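With compact mmCIF, C-alpha atoms inside, this is input00.txt:
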```txt
# COMPACT_ATOMS: atom_id res chain seq x y z
CA MET A 429 -177.98 139.73 -3.83
CA ASP A 430 -175.90 141.13 -1.07
CA THR A 431 -176.91 144.76 -0.87
CA GLN A 432 -175.15 146.75 1.77
CA SER A 433 -177.32 148.96 3.85
CA TYR A 434 -174.34 150.54 5.51
CA CYS A 435 -171.25 151.68 3.64
CA PRO A 436 -168.83 153.11 6.18
CA VAL A 437 -166.63 155.94 4.97
CA PRO A 438 -163.20 154.47 4.32
CA PRO A 439 -160.13 155.90 6.05
CA GLY A 440 -157.94 158.29 4.11
CA VAL A 441 -154.82 156.12 4.62
CA GLY A 442 -152.29 158.57 3.17
CA MET A 443 -151.12 161.83 4.66
CA GLU A 444 -154.50 163.38 4.12
CA GLU A 445 -157.11 162.27 6.63
CA ASN A 446 -160.64 161.58 5.53
CA PHE A 447 -162.82 164.07 7.34
CA LEU A 448 -165.87 161.82 7.65
CA SER A 449 -164.13 158.55 8.45
CA LEU A 450 -164.69 157.16 11.93
CA ASP A 451 -161.43 155.25 11.66
CA ASP A 452 -159.54 158.45 11.03
CA ILE A 453 -161.20 160.14 14.00
CA LEU A 454 -160.13 157.28 16.25
CA LEU A 455 -156.69 157.41 14.69
CA SER A 456 -156.34 161.07 15.63
CA HIS A 457 -156.54 160.03 19.29
CA GLU A 458 -153.42 157.88 19.13
CA ARG A 459 -150.81 159.12 21.58
CA LEU A 460 -147.46 160.36 20.42
CA PRO A 461 -144.37 160.90 22.57
CA VAL A 462 -143.45 164.58 22.33
CA ARG A 463 -140.90 166.92 23.85
CA THR A 464 -141.87 170.51 24.56
CA GLU A 465 -139.57 173.11 23.09
CA CYS A 466 -140.96 176.10 24.99
CA VAL A 467 -142.84 176.81 28.19
CA PHE A 468 -146.58 176.13 28.12
CA PRO A 469 -147.92 178.59 30.67
CA ARG A 470 -150.77 177.50 32.96
CA LEU A 471 -151.13 174.14 31.32
CA GLY A 472 -149.51 172.20 34.14
CA PHE A 473 -152.77 170.31 34.77
CA LEU A 474 -152.23 168.42 31.52
CA GLU A 475 -149.03 166.96 32.83
CA LYS A 476 -150.03 164.75 35.73
CA SER A 477 -146.53 163.80 36.83
CA SER A 478 -145.58 167.22 38.19
CA ASP A 479 -147.40 169.80 40.30
CA THR A 480 -146.10 172.95 38.61
CA GLN A 481 -148.50 175.47 37.14
CA ASP A 482 -146.67 175.65 33.81
CA ILE A 483 -145.29 172.91 31.63
CA PRO A 484 -141.57 173.72 31.52
CA GLU A 485 -139.39 173.50 28.44
CA ALA A 486 -137.95 170.10 27.50
CA THR A 487 -140.65 168.07 29.24
CA LYS A 488 -141.27 164.67 27.79
CA MET A 489 -144.94 163.81 27.63
CA GLU A 490 -147.56 162.18 25.47
CA LEU A 491 -150.05 164.13 23.40
CA PRO A 492 -152.75 162.90 21.02
CA LEU A 493 -152.03 163.07 17.32
CA TRP A 494 -154.57 165.83 16.60
CA LEU A 495 -153.04 168.13 19.19
CA SER A 496 -149.45 167.45 18.19
CA LYS A 497 -150.33 168.05 14.57
CA GLY A 498 -151.93 171.36 15.47
CA LEU A 499 -149.08 172.54 17.63
CA TYR A 500 -146.28 171.38 15.40
CA GLU A 501 -144.67 174.01 13.25
CA ARG A 502 -141.51 173.81 11.25
CA LYS A 503 -140.37 177.39 11.77
CA ARG A 504 -141.41 178.19 15.31
CA LYS A 505 -140.47 175.27 17.47
CA VAL A 506 -143.26 174.58 19.95
CA LEU A 507 -142.71 170.89 20.36
CA SER A 508 -140.79 168.11 18.73
CA VAL A 509 -142.39 164.78 18.07
CA GLU A 510 -140.53 161.58 18.65
CA LEU A 511 -141.26 158.44 16.71
CA PRO A 512 -143.36 155.80 18.43
CA LYS A 513 -141.24 152.70 18.78
CA VAL A 514 -142.91 150.65 16.06
CA TYR A 515 -141.68 153.14 13.47
CA ARG A 516 -138.13 153.31 14.78
CA GLU A 517 -135.25 151.65 13.08
CA GLY A 518 -135.23 148.56 15.30
CA TRP A 519 -138.82 147.68 14.51
CA ARG A 520 -138.43 148.66 10.88
CA THR A 521 -135.80 145.95 10.54
CA VAL A 522 -138.20 143.45 12.05
CA PHE A 523 -140.88 144.49 9.57
CA THR A 524 -138.59 144.20 6.59
CA ALA A 525 -137.30 140.81 7.73
CA ASP A 526 -140.74 139.20 7.73
CA PRO A 527 -143.85 141.36 7.90
CA ASN A 528 -146.08 138.31 8.29
CA VAL A 529 -145.03 137.40 11.81
CA VAL A 530 -145.90 140.77 13.32
CA ASP A 531 -149.18 141.29 15.11
CA LEU A 532 -150.20 144.58 13.52
CA HIS A 533 -153.36 144.79 15.54
CA LYS A 534 -151.36 144.93 18.73
CA MET A 535 -148.81 147.30 17.19
CA GLY A 536 -151.46 149.59 15.82
CA PRO A 537 -154.23 149.00 15.21
CA TYR A 538 -153.68 151.93 12.86
CA TYR A 539 -150.17 151.04 11.82
CA TYR A 540 -150.44 152.34 8.24
CA GLY A 541 -152.62 155.32 9.10
CA LEU A 542 -150.49 156.57 11.97
CA GLY A 543 -147.32 155.88 10.02
CA SER A 544 -148.52 158.06 7.18
CA GLN A 545 -149.50 160.75 9.66
CA MET A 546 -146.01 160.68 11.16
CA LEU A 547 -144.75 162.02 7.85
CA HIS A 548 -146.26 165.38 8.78
CA PHE A 549 -143.52 165.86 11.33
CA ASP A 550 -140.21 166.62 9.71
CA SER A 551 -137.84 163.85 10.55
CA PRO A 552 -134.79 162.66 8.65
CA GLU A 553 -136.19 159.14 8.83
CA ASN A 554 -139.37 160.01 6.91
CA PRO A 555 -138.43 158.39 3.59
CA ASP A 556 -137.47 155.21 5.44
CA ILE A 557 -140.77 155.16 7.30
CA ALA A 558 -142.76 155.59 4.10
CA GLN A 559 -140.75 152.83 2.46
CA ALA A 560 -141.22 150.52 5.44
CA LEU A 561 -144.99 151.07 5.42
CA LEU A 562 -145.23 150.22 1.74
CA GLN A 563 -143.02 147.16 2.03
CA THR A 564 -144.95 145.89 5.03
CA PHE A 565 -148.21 146.22 3.13
CA ILE A 566 -146.80 144.43 0.10
CA GLY A 567 -145.27 141.70 2.22
CA ARG A 568 -148.52 141.00 4.03
CA PHE A 569 -150.73 141.27 0.96
CA ARG A 570 -150.54 137.62 -0.06
CA ARG A 571 -151.63 136.38 3.33
CA THR A 572 -154.51 138.81 3.61
CA MET A 573 -155.68 137.84 0.13
CA ASP A 574 -155.39 134.09 0.60
CA SER A 575 -157.09 134.03 3.97
CA SER A 576 -159.94 136.26 2.82
CA GLN A 577 -160.52 134.27 -0.38
CA ASN A 578 -160.34 130.84 1.20
CA ALA A 579 -162.20 131.15 4.48
CA TYR A 580 -165.73 130.29 3.43
CA ASN A 581 -168.33 129.62 6.09
CA GLU A 582 -165.94 129.48 8.98
CA ASP A 583 -164.93 131.51 11.97
CA THR A 584 -162.64 134.23 10.69
CA SER A 585 -161.80 135.86 14.01
CA ALA A 586 -158.48 134.01 14.24
CA LEU A 587 -157.51 135.22 10.76
CA VAL A 588 -158.54 138.80 11.39
CA GLU A 589 -156.98 139.02 14.84
CA ARG A 590 -153.53 140.06 13.72
CA LEU A 591 -154.56 142.40 10.93
CA ASP A 592 -154.27 146.16 10.91
CA SER A 593 -157.61 148.03 10.68
CA LEU A 594 -156.86 148.83 7.05
CA GLU A 595 -156.20 145.20 6.24
CA LYS A 596 -159.43 144.26 7.98
CA VAL A 597 -161.37 146.40 5.52
CA LEU A 598 -159.59 144.63 2.68
CA PHE A 599 -160.28 141.27 4.26
CA ARG A 600 -163.96 142.08 4.40
CA SER A 601 -164.14 143.09 0.75
CA GLY A 602 -162.37 139.87 -0.17
CA GLN A 603 -164.91 137.93 1.83
CA ASN A 604 -167.71 139.79 0.07
CA GLY A 605 -166.48 138.64 -3.31
CA LEU A 606 -166.08 135.06 -2.14
CA ASN A 607 -169.44 134.88 -0.40
CA SER A 608 -171.42 136.32 -3.28
CA PHE A 609 -169.76 133.92 -5.71
CA GLN A 610 -170.40 130.93 -3.48
CA SER A 611 -174.04 131.81 -2.96
CA TRP A 612 -174.46 132.19 -6.71
CA GLU A 613 -172.81 128.85 -7.34
CA LYS A 614 -175.05 127.10 -4.87
CA GLY A 615 -178.08 128.70 -6.44
CA GLN A 616 -178.97 130.80 -3.44
CA ALA A 617 -178.63 134.00 -5.39
CA SER A 618 -181.71 133.22 -7.47
CA GLN A 619 -183.91 132.61 -4.44
CA LEU A 620 -185.90 135.53 -3.26
CA THR A 621 -185.51 136.32 0.41
CA ALA A 622 -187.26 138.79 2.64
CA SER A 623 -185.38 142.00 3.22
CA SER A 624 -183.69 142.22 6.58
CA LEU A 625 -185.64 145.42 7.12
CA VAL A 626 -188.93 143.53 6.95
CA LEU A 627 -187.69 140.81 9.27
CA ASN A 628 -186.49 143.31 11.83
CA TYR A 629 -189.76 145.16 11.59
CA ARG A 630 -191.64 142.01 12.55
CA LYS A 631 -189.28 141.38 15.43
CA ARG A 632 -189.83 144.82 16.79
CA LYS A 633 -193.57 144.36 16.67
CA LEU A 634 -193.27 141.17 18.67
CA ALA A 635 -191.19 142.99 21.26
CA ASP A 636 -193.86 145.66 21.50
CA VAL A 637 -196.49 143.05 22.25
CA GLN A 638 -194.45 141.56 25.06
CA THR A 639 -193.92 144.78 26.94
CA MET B 384 -174.06 172.17 -3.31
CA THR B 385 -171.53 174.83 -4.12
CA SER B 386 -168.77 174.28 -1.60
CA LEU B 387 -167.95 170.62 -1.33
CA SER B 388 -164.85 170.13 0.72
CA THR B 389 -162.41 167.59 -0.64
CA PRO B 390 -163.15 164.75 1.79
CA ARG B 391 -166.83 164.93 0.94
CA CYS B 392 -166.11 164.80 -2.77
CA PHE B 393 -163.90 161.83 -2.19
CA TRP B 394 -166.66 160.15 -0.27
CA LEU B 395 -169.15 160.68 -3.06
CA VAL B 396 -166.78 159.20 -5.59
CA ARG B 397 -166.15 156.23 -3.36
CA PHE B 398 -169.84 155.69 -2.88
CA ALA B 399 -170.40 155.61 -6.62
CA ALA B 400 -167.55 153.15 -7.00
CA ARG B 401 -169.20 150.80 -4.49
CA GLU B 402 -172.36 150.79 -6.53
CA THR B 403 -170.61 149.52 -9.65
CA ALA B 404 -169.42 146.30 -8.05
CA MET B 405 -171.20 143.51 -9.88
CA ASP B 406 -173.09 140.65 -8.40
CA PRO B 407 -172.48 137.17 -9.83
CA SER B 408 -176.13 136.94 -10.82
CA GLU B 409 -175.67 140.02 -12.97
CA VAL B 410 -172.75 138.34 -14.69
CA GLU B 411 -174.98 135.33 -15.22
CA PHE B 412 -177.56 137.61 -16.79
CA LEU B 413 -175.00 138.79 -19.32
CA ALA B 414 -174.04 135.20 -20.06
CA GLU B 415 -177.61 134.41 -21.00
CA LYS B 416 -177.11 136.34 -24.23
CA GLN B 417 -174.78 133.64 -25.53
CA LEU B 418 -176.15 131.48 -28.31
CA VAL B 419 -176.88 127.82 -27.95
CA LYS B 420 -178.34 125.29 -30.40
CA ILE B 421 -181.71 123.77 -29.68
CA ILE B 422 -183.98 121.32 -31.47
CA PRO B 423 -187.55 122.55 -31.05
CA ASN B 424 -190.56 120.23 -31.13
CA PHE B 425 -193.03 122.88 -32.28
CA SER B 426 -193.32 125.12 -35.26
CA LEU B 427 -193.50 128.89 -35.11
CA ASP B 428 -192.84 131.70 -37.55
CA LYS B 429 -190.10 134.19 -37.08
CA ILE B 430 -190.72 136.38 -34.03
CA TYR B 431 -189.54 139.95 -33.92
CA LEU B 432 -188.22 141.29 -30.64
CA ILE B 433 -186.46 144.55 -29.74
CA GLY B 434 -183.30 142.60 -29.05
CA GLY B 435 -183.38 140.80 -32.40
CA ASP B 436 -185.36 138.35 -34.48
CA LEU B 437 -185.77 134.74 -33.47
CA GLY B 438 -186.70 131.69 -35.44
CA PRO B 439 -188.37 130.41 -37.50
CA PHE B 440 -188.82 127.24 -35.49
CA ASN B 441 -189.51 123.92 -37.17
CA PRO B 442 -189.84 120.62 -35.35
CA GLY B 443 -186.60 118.64 -35.55
CA LEU B 444 -184.56 121.39 -37.19
CA PRO B 445 -181.75 122.78 -35.01
CA VAL B 446 -181.72 126.58 -34.51
CA GLU B 447 -179.47 128.90 -32.58
CA VAL B 448 -181.16 130.91 -29.85
CA PRO B 449 -179.93 132.82 -26.79
CA VAL B 450 -179.59 130.83 -23.61
CA TRP B 451 -182.44 132.61 -21.84
CA LEU B 452 -184.89 131.49 -24.50
CA ALA B 453 -183.45 128.01 -24.67
CA LEU B 454 -183.90 127.56 -20.93
CA ASN B 455 -187.41 128.92 -21.04
CA LEU B 456 -188.41 126.56 -23.85
CA LYS B 457 -186.70 123.70 -22.11
CA GLN B 458 -188.58 124.32 -18.90
CA ARG B 459 -191.82 124.17 -20.86
CA GLN B 460 -190.55 120.99 -22.55
CA LYS B 461 -190.70 122.51 -25.99
CA CYS B 462 -187.15 121.79 -27.06
CA ARG B 463 -184.04 119.72 -26.61
CA ILE B 464 -180.78 121.60 -25.96
CA ILE B 465 -177.68 120.57 -27.87
CA PRO B 466 -174.72 121.26 -25.57
CA PRO B 467 -171.94 123.45 -27.01
CA ASP B 468 -169.00 121.64 -28.63
CA TRP B 469 -166.65 122.30 -25.76
CA MET B 470 -168.99 120.82 -23.17
CA ASP B 471 -167.50 117.41 -23.68
CA VAL B 472 -165.57 115.30 -21.19
CA GLU B 473 -162.55 114.63 -23.41
CA LYS B 474 -162.14 118.21 -24.53
CA LEU B 475 -162.49 119.50 -21.00
CA GLU B 476 -159.97 116.98 -19.69
CA GLU B 477 -157.50 118.16 -22.31
CA MET B 478 -158.14 121.72 -21.29
CA ARG B 479 -157.66 120.95 -17.64
CA GLU B 480 -154.27 119.39 -18.31
CA LEU B 481 -153.21 122.33 -20.43
CA GLU B 482 -154.41 124.77 -17.80
CA ARG B 483 -152.39 122.97 -15.13
CA LYS B 484 -149.28 122.82 -17.30
CA GLU B 485 -149.17 126.41 -18.47
CA ASP B 486 -148.16 129.29 -16.24
CA ALA B 487 -150.26 131.81 -18.09
CA PHE B 488 -154.00 131.64 -18.56
CA THR B 489 -155.02 129.41 -21.45
CA PRO B 490 -157.80 130.46 -23.81
CA VAL B 491 -161.22 129.31 -22.60
CA PRO B 492 -163.85 127.89 -24.97
CA SER B 493 -166.42 130.51 -24.06
CA PRO B 494 -166.15 133.86 -22.32
CA HIS B 495 -168.89 132.65 -19.98
CA TYR B 496 -167.89 129.01 -19.56
CA MET B 497 -168.60 128.92 -15.84
CA GLU B 498 -172.05 130.50 -16.05
CA LEU B 499 -173.11 128.45 -19.08
CA THR B 500 -172.03 125.22 -17.41
CA LYS B 501 -174.04 126.03 -14.36
CA LEU B 502 -177.13 127.16 -16.25
CA LEU B 503 -177.20 124.31 -18.72
CA LEU B 504 -176.37 121.62 -16.20
CA ASN B 505 -178.93 122.83 -13.72
CA HIS B 506 -181.79 123.12 -16.18
CA ALA B 507 -181.01 120.68 -18.96
CA SER B 508 -178.83 117.98 -17.46
CA ASP B 509 -180.89 115.29 -19.24
CA ASN B 510 -179.71 116.63 -22.63
CA ILE B 511 -176.03 116.64 -21.70
CA PRO B 512 -174.14 113.35 -21.55
CA LYS B 513 -171.98 112.80 -18.45
CA ALA B 514 -173.25 115.93 -16.74
CA ASP B 515 -171.63 115.21 -13.39
CA GLU B 516 -168.19 114.66 -14.89
CA ILE B 517 -168.48 117.91 -16.81
CA ARG B 518 -169.44 119.75 -13.66
CA THR B 519 -166.37 118.43 -11.82
CA LEU B 520 -164.05 119.19 -14.73
CA VAL B 521 -165.24 122.76 -15.13
CA LYS B 522 -164.92 123.29 -11.40
CA ASP B 523 -161.35 121.95 -11.57
CA ILE B 524 -160.49 124.32 -14.39
CA TRP B 525 -162.05 127.18 -12.47
CA ASP B 526 -160.07 126.39 -9.32
CA THR B 527 -156.80 126.17 -11.23
CA ARG B 528 -157.45 129.49 -12.90
CA ILE B 529 -158.42 131.23 -9.66
CA ALA B 530 -155.23 129.98 -8.02
CA LYS B 531 -153.27 131.41 -10.96
CA LEU B 532 -155.16 134.66 -10.71
CA ARG B 533 -154.21 134.98 -7.07
CA LEU B 534 -150.60 134.20 -7.82
CA SER B 535 -150.43 136.84 -10.50
CA ALA B 536 -152.23 139.37 -8.31
CA ASP B 537 -149.58 138.80 -5.65
CA SER B 538 -146.69 139.27 -8.06
CA PHE B 539 -148.46 142.31 -9.48
CA ILE B 540 -148.51 143.86 -6.02
CA SER B 541 -145.10 142.75 -4.85
CA GLN B 542 -143.31 143.98 -7.95
CA GLN B 543 -145.33 147.20 -7.86
CA GLU B 544 -146.27 146.91 -11.49
CA ALA B 545 -148.22 149.71 -13.08
CA HIS B 546 -150.31 147.67 -15.49
CA ALA B 547 -151.32 144.09 -16.08
CA GLN B 548 -152.65 142.14 -19.01
CA LEU B 549 -155.85 140.27 -18.43
CA ASP B 550 -155.65 138.03 -21.48
CA ASN B 551 -158.07 135.11 -21.52
CA LEU B 552 -159.66 136.01 -18.21
CA THR B 553 -163.43 135.78 -18.05
CA LEU B 554 -165.78 138.31 -16.54
CA MET B 555 -166.79 136.03 -13.68
CA GLU B 556 -163.18 135.44 -12.71
CA ILE B 557 -162.37 139.12 -12.71
CA ASN B 558 -165.52 139.85 -10.78
CA THR B 559 -164.64 137.64 -7.82
CA VAL B 560 -161.40 139.47 -7.09
CA ARG B 561 -162.40 142.91 -8.31
CA GLU B 562 -163.45 144.49 -5.04
CA PHE B 563 -160.53 143.17 -3.06
CA LEU B 564 -157.93 143.95 -5.68
CA LEU B 565 -159.17 147.45 -6.36
CA ASP B 566 -159.30 148.31 -2.66
CA SER B 567 -155.79 146.96 -2.18
CA LEU B 568 -154.46 148.89 -5.14
CA ASN B 569 -156.08 152.05 -3.79
CA CYS B 570 -154.33 151.56 -0.45
CA MET B 571 -151.06 150.78 -2.10
CA TYR B 572 -151.31 153.85 -4.28
CA LYS B 573 -151.75 156.04 -1.23
CA LEU B 574 -148.91 154.43 0.67
CA ARG B 575 -146.78 154.86 -2.40
CA SER B 576 -147.62 158.52 -2.82
CA ASN B 577 -146.23 158.97 0.71
CA LEU B 578 -142.84 158.25 -0.80
CA GLN B 579 -142.94 161.33 -3.01
CA PRO B 580 -142.23 164.38 -0.89
CA GLY B 581 -143.77 166.59 -3.60
CA SER B 582 -147.24 165.25 -2.91
CA ARG B 583 -147.46 166.93 0.46
CA LYS B 584 -146.84 170.46 -0.56
CA GLY B 585 -149.14 172.88 1.17
CA GLN B 586 -150.08 170.25 3.72
CA LEU B 587 -148.93 172.10 6.82
CA THR B 588 -149.96 175.59 5.83
CA ASP B 589 -153.38 175.29 7.46
CA TYR B 590 -152.09 175.09 10.97
```
Encoding of this model in structure tokens:
Amino acid sequence: MDTQSYCPVPPGVGMEENFLSLDDILLSHERLPVRTECVFPRLGFLEKSSDTQDIPEATKMELPLWLSKGLYERKRKVLSVELPKVYREGWRTVFTADPNVVDLHKMGPYYYGLGSQMLHFDSPENPDIAQALLQTFIGRFRRTMDSSQNAYNEDTSALVERLDSLEKVLFRSGQNGLNSFQSWEKGQASQLTASSLVLNYRKRKLADVQT
Amino acid sequence: MTSLSTPRCFWLVRFAARETAMDPSEVEFLAEKQLVKIIPNFSLDKIYLIGGDLGPFNPGLPVEVPVWLALNLKQRQKCRIIPPDWMDVEKLEEMRELERKEDAFTPVPSPHYMELTKLLLNHASDNIPKADEIRTLVKDIWDTRIAKLRLSADSFISQQEAHAQLDNLTLMEINTVREFLLDSLNCMYKLRSNLQPGSRKGQLTDY
């Protein structure tokens, strides 16, 4: 029986982040292109390209998602967030044409997560972005499913390579189902095996002896 | 634990959901409750168990017992197992053809056909004629059905259906795709709720 000793907290995926998810913490470090709408006094050291003490109005720079989300306000304009290029119209057309050819790992690797987070910033394109995310997921679903359910006992790194981090989680759960079924069918499930904890314990003891 | 923030609650729920995923050997355990006919070679009065009464056993007289008992008796060479009616090469061949022809899932002879085939063939293959052929046929049927299941899962997702009928699907079949399908549907649900602007009310008030 395949008991999992470690169940990572899954990412929140939607607009709400999952507080305890490591994936969502990494996602909050993604850089976003922003444009300042007012002067940021004495913060010139953040902007490496100029030597001024303040960040002047209308500077284009990159800020991490967590900071942009904190500074962004609908009423009082502090900064405006521009869309990263994978969410712009040009790329959206590519995604709708054939989502399977795109390397989401290179584009992302948090394509769905960051896309959903972009909806926090008021933009007229928001409904289109949400639609594109959903359609991309649906379009790629078949391939994720087939590859995760068919790759038994082989190197999966080539299959996983182009998947978004969200799809990787799905791929792994598909593999879980396949592997446990296969081991049952081959009769391995009924054999008792030593817990990995016990095995590791022995290993550690051996290492202690050697030192 | 008075003030659980929402993400923590969510995490707890998720954790509980993980626990309910079933292992194939648990499905097999359930299948062992199915009845099978045996011919005992010993005599014994009725025995009374919490789960039900068994017997009486008379040498040469066929009785119906659950699979777990049949296998136990068989291993101790106290009985001969009579394979179920459907475990027959001709009938299975017919079923395989029908399964390949139809688009929908065809009715299976037993809700645990896969598990029973494996159990009976592994432990009592000397009582079942043409055991190897039966094994191949059942595996063929299984493969066809799994391919269909995947096809329907894909159309379920791509047409964004809200519900699906699982007619004639067996527990083992559902169990192999359960984790993947549920996780995918969860993701899709969240991506879909992005589309409704109403779902984000009060989102930005914290900042």
* Asked: How would you write as a PyMOL selection string the residues that get within 12 Å of (-138.6, 161.2, 16.0) in the file's frame, counting all atoms listed in the file?
  -> chain A and resi 460-463+507-517+543+546-554+557
What residues in chain A lie within 9 Å of chain B, counting all atoms listed in the file, written as a PDB file with C-alpha atoms, keeping the file's coordinate frame?
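Final output, saved to part-v3.pdb:
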```
ATOM      1  CA  MET A 429    -177.980 139.730  -3.830  1.00  0.00           C
ATOM      2  CA  ASP A 430    -175.900 141.130  -1.070  1.00  0.00           C
ATOM      3  CA  CYS A 435    -171.250 151.680   3.640  1.00  0.00           C
ATOM      4  CA  VAL A 437    -166.630 155.940   4.970  1.00  0.00           C
ATOM      5  CA  PRO A 438    -163.200 154.470   4.320  1.00  0.00           C
ATOM      6  CA  GLY A 440    -157.940 158.290   4.110  1.00  0.00           C
ATOM      7  CA  VAL A 441    -154.820 156.120   4.620  1.00  0.00           C
ATOM      8  CA  GLY A 442    -152.290 158.570   3.170  1.00  0.00           C
ATOM      9  CA  MET A 443    -151.120 161.830   4.660  1.00  0.00           C
ATOM     10  CA  GLU A 444    -154.500 163.380   4.120  1.00  0.00           C
ATOM     11  CA  GLU A 445    -157.110 162.270   6.630  1.00  0.00           C
ATOM     12  CA  ASN A 446    -160.640 161.580   5.530  1.00  0.00           C
ATOM     13  CA  PHE A 447    -162.820 164.070   7.340  1.00  0.00           C
ATOM     14  CA  LEU A 448    -165.870 161.820   7.650  1.00  0.00           C
ATOM     15  CA  LYS A 497    -150.330 168.050  14.570  1.00  0.00           C
ATOM     16  CA  GLY A 498    -151.930 171.360  15.470  1.00  0.00           C
ATOM     17  CA  LEU A 499    -149.080 172.540  17.630  1.00  0.00           C
ATOM     18  CA  TYR A 500    -146.280 171.380  15.400  1.00  0.00           C
ATOM     19  CA  GLU A 501    -144.670 174.010  13.250  1.00  0.00           C
ATOM     20  CA  ARG A 502    -141.510 173.810  11.250  1.00  0.00           C
ATOM     21  CA  TYR A 540    -150.440 152.340   8.240  1.00  0.00           C
ATOM     22  CA  SER A 544    -148.520 158.060   7.180  1.00  0.00           C
ATOM     23  CA  LEU A 547    -144.750 162.020   7.850  1.00  0.00           C
ATOM     24  CA  HIS A 548    -146.260 165.380   8.780  1.00  0.00           C
ATOM     25  CA  ASN A 554    -139.370 160.010   6.910  1.00  0.00           C
ATOM     26  CA  PRO A 555    -138.430 158.390   3.590  1.00  0.00           C
ATOM     27  CA  ASP A 556    -137.470 155.210   5.440  1.00  0.00           C
ATOM     28  CA  ILE A 557    -140.770 155.160   7.300  1.00  0.00           C
ATOM     29  CA  ALA A 558    -142.760 155.590   4.100  1.00  0.00           C
ATOM     30  CA  GLN A 559    -140.750 152.830   2.460  1.00  0.00           C
ATOM     31  CA  LEU A 561    -144.990 151.070   5.420  1.00  0.00           C
ATOM     32  CA  LEU A 562    -145.230 150.220   1.740  1.00  0.00           C
ATOM     33  CA  GLN A 563    -143.020 147.160   2.030  1.00  0.00           C
ATOM     34  CA  PHE A 565    -148.210 146.220   3.130  1.00  0.00           C
ATOM     35  CA  ILE A 566    -146.800 144.430   0.100  1.00  0.00           C
ATOM     36  CA  GLY A 567    -145.270 141.700   2.220  1.00  0.00           C
ATOM     37  CA  PHE A 569    -150.730 141.270   0.960  1.00  0.00           C
ATOM     38  CA  ARG A 570    -150.540 137.620  -0.060  1.00  0.00           C
ATOM     39  CA  MET A 573    -155.680 137.840   0.130  1.00  0.00           C
ATOM     40  CA  ASP A 574    -155.390 134.090   0.600  1.00  0.00           C
ATOM     41  CA  GLN A 577    -160.520 134.270  -0.380  1.00  0.00           C
ATOM     42  CA  LEU A 594    -156.860 148.830   7.050  1.00  0.00           C
ATOM     43  CA  GLU A 595    -156.200 145.200   6.240  1.00  0.00           C
ATOM     44  CA  VAL A 597    -161.370 146.400   5.520  1.00  0.00           C
ATOM     45  CA  LEU A 598    -159.590 144.630   2.680  1.00  0.00           C
ATOM     46  CA  PHE A 599    -160.280 141.270   4.260  1.00  0.00           C
ATOM     47  CA  ARG A 600    -163.960 142.080   4.400  1.00  0.00           C
ATOM     48  CA  SER A 601    -164.140 143.090   0.750  1.00  0.00           C
ATOM     49  CA  GLY A 602    -162.370 139.870  -0.170  1.00  0.00           C
ATOM     50  CA  GLN A 603    -164.910 137.930   1.830  1.00  0.00           C
ATOM     51  CA  ASN A 604    -167.710 139.790   0.070  1.00  0.00           C
ATOM     52  CA  GLY A 605    -166.480 138.640  -3.310  1.00  0.00           C
ATOM     53  CA  LEU A 606    -166.080 135.060  -2.140  1.00  0.00           C
ATOM     54  CA  SER A 608    -171.420 136.320  -3.280  1.00  0.00           C
ATOM     55  CA  PHE A 609    -169.760 133.920  -5.710  1.00  0.00           C
ATOM     56  CA  SER A 611    -174.040 131.810  -2.960  1.00  0.00           C
ATOM     57  CA  TRP A 612    -174.460 132.190  -6.710  1.00  0.00           C
ATOM     58  CA  GLU A 613    -172.810 128.850  -7.340  1.00  0.00           C
ATOM     59  CA  ALA A 617    -178.630 134.000  -5.390  1.00  0.00           C
ATOM     60  CA  SER A 618    -181.710 133.220  -7.470  1.00  0.00           C
TER      61      SER A 618
END
```
* In terms of the shortest atom-to-atom distance over all atoms listed in the file, which of B:Leu499, B:Val448, B:Ala487, B:Leu427 is closest to Arg518 of chain B? -> B:Leu499
* May I have the protein, DNA and RNA residues with any atom at most 9 Å from the point (-159.1, 132.5, -22.5), counting all atoms listed in the file, written as an MDAnalysis selection string? => chainID B and resid 488:494 550:553
Given 8 Å on each side, where is the centre and what are the edge lengths in Å to one decimal of the axis-aligned box enclosing the listed atoms of segment 561-568 of chain B, as lines of an AutoDock Vina configuration file?
```
center_x = -159.0
center_y = 145.9
center_z = -5.2
size_x = 25.0
size_y = 22.0
size_z = 22.1
```
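All residues of protein, DNA or RNA that reach within 7 Å of Thr464 of chain A, judged by all atoms listed in the file and not counting those fewer than 5 positions away in the chain, are Glu485, Ala486, Thr487, Lys488, Val506, Leu507 and Ser508 of chain A.
Among B:Glu544, B:Ile464, B:Ile524, B:Leu481, the residue with the shortest atom-to-atom distance to Leu504 of chain B, counting all atoms listed in the file, is B:Ile464.
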Just the residues within 9 Å of Leu503 of chain B, please, counting only C-alpha atoms, with nothing from its chain fewer than 3 positions along; format it as an mmCIF file with C-alpha atoms, in the coordinates of the input.
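result20.cif, freshly written:
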```
data_model
loop_
_atom_site.group_PDB
_atom_site.id
_atom_site.type_symbol
_atom_site.label_atom_id
_atom_site.label_comp_id
_atom_site.auth_asym_id
_atom_site.auth_seq_id
_atom_site.Cartn_x
_atom_site.Cartn_y
_atom_site.Cartn_z
ATOM 1 C CA VAL B 450 -179.590 130.830 -23.610
ATOM 2 C CA LEU B 454 -183.900 127.560 -20.930
ATOM 3 C CA ILE B 464 -180.780 121.600 -25.960
ATOM 4 C CA PRO B 466 -174.720 121.260 -25.570
ATOM 5 C CA GLU B 498 -172.050 130.500 -16.050
ATOM 6 C CA LEU B 499 -173.110 128.450 -19.080
ATOM 7 C CA THR B 500 -172.030 125.220 -17.410
ATOM 8 C CA HIS B 506 -181.790 123.120 -16.180
ATOM 9 C CA ALA B 507 -181.010 120.680 -18.960
ATOM 10 C CA SER B 508 -178.830 117.980 -17.460
ATOM 11 C CA ASN B 510 -179.710 116.630 -22.630
ATOM 12 C CA ILE B 511 -176.030 116.640 -21.700
#
```
